[in-house]
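To start, the structure under review is shown below, and the notes come after it.
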Amino acid sequence: MDTSFGQPVGAICQIAFTVPDLTSAIPVYADRMHAGPWLLMEHFRPAIQRYRGKPTHQDVSLAVAFTGSLMVELIEQHDRGPSVYRETVDRQGHGFHHFAITSTEFDSAEAAYLAIGYQVAYAARLGPAFSEARVSYFDSTADLPGMIELIELTPEVDAHFGSVKALSENWDGTDLIHRP
């Protein structure tokens, strides 16, 4: 099954990077990765979040854009609290953070990652606008250059990603940033 944004379910649909400042990073990533325009979600804070098994309230801003059918995500963490982003930045500086994969069978996909020994480093519910879709970040850094984010592909999540993809289809390189 393909998604509305062109990637098959279960394939890598996104690569994500931490950046110290979204405003500065967006023009660079737009130019170098030919991605845009960028949908900016400022101070994105899911109501239900867990980091390494404990409740968290991290404060991040996200920007997403497409290059072809691949989504690029930039993440800026505003608070100094512990998080999957902060631990990576503290270990290696800003840069590549994770691959994201969608699943319509979230529980079985999550169980498969747990079965190979990957622990859930971060988990959240995305809220009512996304039909409470779940995301889990698995610490795959022993085998891969970053984490794996598993995204529960609900119709609302698919439609959201599809709308961001649609913005990119006739993008002329101007109007870099869109806000929801």
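Starting from 1 in every chain, residues are counted up; chains themselves are A, B, ... following the order of the structure tokens, and ligands are numbered from 1 as listed.
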Please provide the set of residues having any atom within 7 Å of A:Val19, restricted to only C-alpha atoms, with same-chain residues fewer than 2 positions apart removed, written as a PyMOL selection string.
chain A and resi 17+21-22+25+74-76+94-95
Tell me which protein, DNA and RNA residues are within 12 Å of A:Gln58, counting only C-alpha atoms, leaving out same-chain ones fewer than 3 positions away, and put them as JSON, numbers by chain.
{"A": [43, 44, 45, 46, 47, 48, 49, 50, 51, 54, 55, 61, 75, 76, 77, 78, 79, 80, 81, 82, 83, 84, 85, 86, 122, 123, 124]}
Mind dumping a table of every stretch 45-78 of chain A residue within 10 Å of stretch 146-161 of chain A, with the nearest atom pair and its distance in Å to one decimal, using only C-alpha atoms, sorted by chain and rising number, as a tab-separated table?
residue	atom	partner	partner_atom	distance
A:Val64	CA	A:Phe161	CA	9.1
A:Ala65	CA	A:Phe161	CA	9.3
A:Phe66	CA	A:Phe161	CA	9.3
A:Met71	CA	A:Phe161	CA	8.5
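For the set A:Ile101, A:Ala115, A:Ile177, A:Met41, the residue with the smallest atom-to-atom gap to A:Ser136 is A:Ile101, counting only C-alpha atoms.
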DSSP-assigned strand (DSSP E or B) members of stretch 42-101 of chain A, reported as number ranges by chain:
A: 42-44, 48-51, 54-55, 60-67, 70-77, 95-101
Which residue, A:His98, A:Gly93, A:Ala121, A:Ala63, has the smallest gap to A:Ile12 when you use only C-alpha atoms?
A:His98
Name the closest residue to A:Tyr29 among the candidates A:Glu73, A:Asp90, A:Glu42, A:Glu105; distances are taken between atoms, counting only C-alpha atoms.
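Between A:Glu73, A:Asp90, A:Glu42, A:Glu105, the residue approaching A:Tyr29 most closely is A:Glu73.
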Between A:Thr88, A:Ser140, A:Thr67, A:Thr23, which is the closest to A:Tyr113 once you count only C-alpha atoms?
A:Ser140
So which residues touch A:Ser168 within 12 Å, counting only C-alpha atoms, skipping near sequence neighbours fewer than 6 positions away, as an mmCIF file with N, CA, C and O atoms, in the first residue's frame?
data_model
loop_
_atom_site.group_PDB
_atom_site.id
_atom_site.type_symbol
_atom_site.label_atom_id
_atom_site.label_comp_id
_atom_site.auth_asym_id
_atom_site.auth_seq_id
_atom_site.Cartn_x
_atom_site.Cartn_y
_atom_site.Cartn_z
ATOM 1 N N PHE A 5 1.510 10.418 0.058
ATOM 2 C CA PHE A 5 2.689 11.234 -0.239
ATOM 3 C C PHE A 5 3.749 10.460 -1.000
ATOM 4 O O PHE A 5 4.859 10.941 -1.193
ATOM 5 N N ALA A 30 16.918 23.740 2.434
ATOM 6 C CA ALA A 30 16.118 23.922 1.222
ATOM 7 C C ALA A 30 17.024 23.930 -0.006
ATOM 8 O O ALA A 30 16.736 23.259 -1.006
ATOM 9 N N HIS A 34 17.211 20.489 -1.895
ATOM 10 C CA HIS A 34 16.132 20.788 -2.845
ATOM 11 C C HIS A 34 14.781 20.406 -2.250
ATOM 12 O O HIS A 34 13.955 19.763 -2.896
ATOM 13 N N ALA A 35 14.589 20.813 -0.998
ATOM 14 C CA ALA A 35 13.364 20.491 -0.259
ATOM 15 C C ALA A 35 12.636 21.778 0.088
ATOM 16 O O ALA A 35 13.246 22.754 0.511
ATOM 17 N N GLY A 36 11.329 21.747 -0.061
ATOM 18 C CA GLY A 36 10.540 22.899 0.337
ATOM 19 C C GLY A 36 9.192 22.890 -0.340
ATOM 20 O O GLY A 36 8.945 22.060 -1.216
ATOM 21 N N PRO A 37 8.345 23.802 0.067
ATOM 22 C CA PRO A 37 8.481 24.724 1.186
ATOM 23 C C PRO A 37 8.351 23.988 2.514
ATOM 24 O O PRO A 37 7.888 22.849 2.553
ATOM 25 N N TRP A 38 8.727 24.643 3.586
ATOM 26 C CA TRP A 38 8.794 24.032 4.906
ATOM 27 C C TRP A 38 7.561 24.393 5.727
ATOM 28 O O TRP A 38 7.245 25.563 5.900
ATOM 29 N N LEU A 39 6.882 23.372 6.231
ATOM 30 C CA LEU A 39 5.773 23.581 7.156
ATOM 31 C C LEU A 39 6.382 23.667 8.547
ATOM 32 O O LEU A 39 7.017 22.717 9.014
ATOM 33 N N VAL A 64 9.010 20.535 8.381
ATOM 34 C CA VAL A 64 9.043 19.404 7.452
ATOM 35 C C VAL A 64 8.830 19.909 6.030
ATOM 36 O O VAL A 64 8.088 20.857 5.789
ATOM 37 N N ALA A 65 9.519 19.237 5.108
ATOM 38 C CA ALA A 65 9.395 19.539 3.682
ATOM 39 C C ALA A 65 9.703 18.266 2.908
ATOM 40 O O ALA A 65 10.275 17.316 3.457
ATOM 41 N N PHE A 66 9.346 18.272 1.658
ATOM 42 C CA PHE A 66 9.618 17.114 0.807
ATOM 43 C C PHE A 66 10.646 17.448 -0.249
ATOM 44 O O PHE A 66 10.695 18.567 -0.769
ATOM 45 N N THR A 67 11.440 16.439 -0.567
ATOM 46 C CA THR A 67 12.273 16.426 -1.745
ATOM 47 C C THR A 67 11.866 15.154 -2.475
ATOM 48 O O THR A 67 12.078 14.047 -1.962
ATOM 49 N N GLY A 68 11.160 15.278 -3.576
ATOM 50 C CA GLY A 68 10.532 14.116 -4.197
ATOM 51 C C GLY A 68 9.506 13.543 -3.237
ATOM 52 O O GLY A 68 8.682 14.269 -2.693
ATOM 53 N N SER A 69 9.576 12.230 -2.988
ATOM 54 C CA SER A 69 8.647 11.584 -2.048
ATOM 55 C C SER A 69 9.262 11.363 -0.675
ATOM 56 O O SER A 69 8.688 10.658 0.148
ATOM 57 N N LEU A 70 10.422 11.946 -0.429
ATOM 58 C CA LEU A 70 11.086 11.806 0.860
ATOM 59 C C LEU A 70 10.897 13.078 1.680
ATOM 60 O O LEU A 70 11.185 14.181 1.200
ATOM 61 N N MET A 71 10.421 12.896 2.907
ATOM 62 C CA MET A 71 10.234 14.017 3.813
ATOM 63 C C MET A 71 11.526 14.257 4.585
ATOM 64 O O MET A 71 12.180 13.318 5.028
ATOM 65 N N VAL A 72 11.861 15.526 4.730
ATOM 66 C CA VAL A 72 12.998 15.936 5.556
ATOM 67 C C VAL A 72 12.413 16.691 6.747
ATOM 68 O O VAL A 72 11.527 17.531 6.579
ATOM 69 N N PHE A 161 0.631 14.470 5.911
ATOM 70 C CA PHE A 161 1.862 14.333 5.134
ATOM 71 C C PHE A 161 1.579 14.587 3.647
ATOM 72 O O PHE A 161 2.388 15.202 2.953
ATOM 73 N N GLY A 162 0.429 14.118 3.164
ATOM 74 C CA GLY A 162 0.059 14.354 1.767
ATOM 75 C C GLY A 162 -0.097 15.826 1.456
ATOM 76 O O GLY A 162 0.286 16.290 0.367
ATOM 77 N N THR A 174 10.542 29.935 -3.727
ATOM 78 C CA THR A 174 10.238 31.107 -2.934
ATOM 79 C C THR A 174 9.304 30.701 -1.792
ATOM 80 O O THR A 174 8.867 29.556 -1.731
ATOM 81 N N ASP A 175 8.988 31.636 -0.929
ATOM 82 C CA ASP A 175 8.088 31.355 0.202
ATOM 83 C C ASP A 175 8.514 30.084 0.923
ATOM 84 O O ASP A 175 7.822 29.069 0.910
ATOM 85 N N LEU A 176 9.676 30.156 1.563
ATOM 86 C CA LEU A 176 10.274 28.986 2.222
ATOM 87 C C LEU A 176 9.439 28.403 3.356
ATOM 88 O O LEU A 176 9.474 27.205 3.570
ATOM 89 N N ILE A 177 8.748 29.237 4.102
ATOM 90 C CA ILE A 177 8.105 28.769 5.340
ATOM 91 C C ILE A 177 6.594 28.957 5.288
ATOM 92 O O ILE A 177 6.100 30.021 4.922
ATOM 93 N N HIS A 178 5.887 27.891 5.651
ATOM 94 C CA HIS A 178 4.438 27.916 5.819
ATOM 95 C C HIS A 178 4.147 27.594 7.272
ATOM 96 O O HIS A 178 4.797 26.738 7.867
#
Do you have the atom CA of A:Ala142-atom CA of A:Asp59 distance handy?
26.6 Å
Among stretch 54-107 of chain A, which residues carry a DSSP assignment of alpha helix (DSSP H), reported as a PyMOL selection string?
chain A and resi 84-92+106-107
Straight-line distance linking atom CA of A:Thr102 with atom CA of A:Asp2, stated in Å to one decimal:
10.5 Å
By how many Å are atom CA of A:Phe138 and atom CA of A:Thr3 apart?
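According to the coordinates, atom CA of A:Phe138 and atom CA of A:Thr3 are separated by 22.3 Å.
Shortest atom-to-atom contact with A:Gly53 among A:Ser163, A:Asn170, A:Ser4, A:Gln119: A:Gln119, counting only C-alpha atoms.
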